[in-house]
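Colleague: Could you have a look at this structure, given as structure tokens, before my questions?
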Amino acid sequence: MAEAVASHPSCVLGLATGSTPLQVYSELCRRHREDGLSFGDVTTFNLDEYLGLKVGHPQSYRHFMQTQLFDQVDIDIPRTHFPDVHADDVQQASEHYEHQLSESGGIDLQLLGIGTNGHIGFNEPGTTLESLTRVVDLAPSTIRSNTRFFESAEQVPRQAITMGIASILRAKKVVLLATGAAKAAAVAGAIQGPITADNPASYLQSHADVLFVLDEPAAAQL
Ligand code: GLP
């Protein structure tokens, strides 16, 4: 990702949250600190954002990106985009996000994590290939997995706005990161299984330029 920024300073990055990309963001911060890598002309679009959390909530994805990356580099905050989960009309806000994505000229490099159920962004099992940015209900397994970031399961939001599968597949290049044995089945299904709504990451098989970066436990079922 640092190379993408270094070689194309006005690139458009698609960003992911969760614990998996933390090392990527700390490496980008290091490259800024030590090598002067500039983010001044970079545009970013985050994949998703929870609905129902107050502005500045520590578990909001905007807050995550601020602390892990934006506050530590020279990024121009107006160029950082999240779905507007505080809009009166969240459906319209989702359509606006999709519009902003196309107006930007498209994502050059999309970073992804993967849920244990194969979700990418918050595109849960059952999502269609044609899906665009929209309001979604989180799967019970996602609520359970993400409870670790909250004080209790009750506090985990039940909904989010997420970029859709079609929005993600329009990126020029996609890099999916996965670590740990809990992701092994989802990773194997995504790479070697059929293209199916049961494992939304399997839709990546229809993209021409996808790189999976896995540790051994995550690759164990390949
Ligand atoms: C979250 C995010 C995803 C992320 C996934 C995995 O629910 N919406 O974008 O890829 O879960 O998270 P982690 O990297 O913490 O396992």
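Ordered as shown in the structure tokens, chains take letters A, B, and onward, while each chain numbers its residues from 1 and ligands are numbered from 1 in the order shown.
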Residues within 9 Å of ligand 1 (only C-alpha atoms and all ligand atoms), as an MDAnalysis selection string?
Modeller: chainID A and resid 15:22 47:50 61 112:116 118:123 138 142:143 145:146 160 162 176:180 182:183
Colleague: With C-alpha atoms retained, could you export that selection as a short mmCIF file (atom, residue, chain, number, x, y, z; two decimals), in the first residue's frame?
Modeller:
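Heads up, here's the output in part-v3.cif:
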data_model
loop_
_atom_site.label_atom_id
_atom_site.label_comp_id
_atom_site.auth_asym_id
_atom_site.auth_seq_id
_atom_site.Cartn_x
_atom_site.Cartn_y
_atom_site.Cartn_z
CA LEU A 15 -9.75 1.10 3.42
CA ALA A 16 -10.84 -1.63 5.82
CA THR A 17 -11.11 -1.75 9.60
CA GLY A 18 -10.90 -4.64 12.07
CA SER A 19 -7.82 -5.96 13.80
CA THR A 20 -6.22 -7.53 10.71
CA PRO A 21 -5.12 -4.34 8.87
CA LEU A 22 -3.62 -2.71 11.98
CA LEU A 47 -15.74 0.10 3.28
CA ASP A 48 -18.33 0.46 5.97
CA GLU A 49 -19.54 2.17 9.13
CA TYR A 50 -21.82 1.09 11.97
CA TYR A 61 -14.80 3.12 12.07
CA LEU A 112 -10.10 -6.04 2.65
CA GLY A 113 -10.33 -8.20 5.73
CA ILE A 114 -12.67 -11.18 5.88
CA GLY A 115 -15.22 -12.26 8.46
CA THR A 116 -15.29 -15.82 9.77
CA GLY A 118 -16.85 -14.91 4.57
CA HIS A 119 -18.15 -11.36 4.80
CA ILE A 120 -16.20 -8.56 3.13
CA GLY A 121 -17.06 -5.10 4.38
CA PHE A 122 -20.39 -5.91 5.98
CA ASN A 123 -21.61 -7.92 3.00
CA LEU A 138 -25.36 -7.65 10.68
CA THR A 142 -20.74 -11.00 13.11
CA ILE A 143 -22.41 -9.52 16.19
CA SER A 145 -17.37 -11.80 16.70
CA ASN A 146 -17.46 -8.04 17.15
CA ALA A 160 -24.31 -0.72 9.19
CA THR A 162 -21.48 -0.99 3.65
CA LEU A 176 -7.41 -9.29 1.13
CA LEU A 177 -5.62 -9.89 4.43
CA ALA A 178 -6.44 -12.78 6.74
CA THR A 179 -4.73 -14.14 9.83
CA GLY A 180 -5.57 -16.91 12.26
CA ALA A 182 -10.71 -18.82 12.63
CA LYS A 183 -10.52 -17.47 9.07
#
Colleague: Hey, what does DSSP flag as strand (DSSP E or B) within range 4-93 of chain A? Can you give it to me as a ChimeraX atom specification?
Modeller: /A:12-15,43-46,48-50,80-81
Colleague: Please produce a file of the residues just selected, as a short mmCIF file (atom, residue, chain, number, x, y, z; two decimals), in the first residue's frame, where the atoms kept are C-alpha atoms.
Modeller:
data_model
loop_
_atom_site.label_atom_id
_atom_site.label_comp_id
_atom_site.auth_asym_id
_atom_site.auth_seq_id
_atom_site.Cartn_x
_atom_site.Cartn_y
_atom_site.Cartn_z
CA VAL A 12 -7.74 6.48 -4.33
CA LEU A 13 -7.52 3.90 -1.53
CA GLY A 14 -10.32 1.69 -0.27
CA LEU A 15 -9.75 1.10 3.42
CA THR A 43 -8.32 10.10 -1.35
CA THR A 44 -9.79 7.35 0.83
CA PHE A 45 -13.12 5.55 1.03
CA ASN A 46 -13.81 3.27 3.96
CA ASP A 48 -18.33 0.46 5.97
CA GLU A 49 -19.54 2.17 9.13
CA TYR A 50 -21.82 1.09 11.97
CA THR A 80 -11.38 10.80 3.64
CA HIS A 81 -14.84 9.34 3.11
#
Colleague: Report the residues of range 27-81 of chain A whose backbone DSSP state falls under helix (DSSP H, G or I), written as a PyMOL selection string.
Modeller: chain A and resi 27-35+61-68+70-72+77-79
Colleague: With only C-alpha atoms as the atoms that count, which of A:Ala184, A:Leu51, A:Ala218, A:Leu111 lies nearest to Lys172 in chain A?
Modeller: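 Of A:Ala184, A:Leu51, A:Ala218, A:Leu111, the one nearest Lys172 in chain A is A:Leu111, counting only C-alpha atoms.
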Colleague: Could you pull the residues within 12 Å of Leu222 in chain A, counting only C-alpha atoms, minus those fewer than 4 positions along the same chain, as number ranges by chain?
Modeller: A: 181, 183-193, 212, 214-218
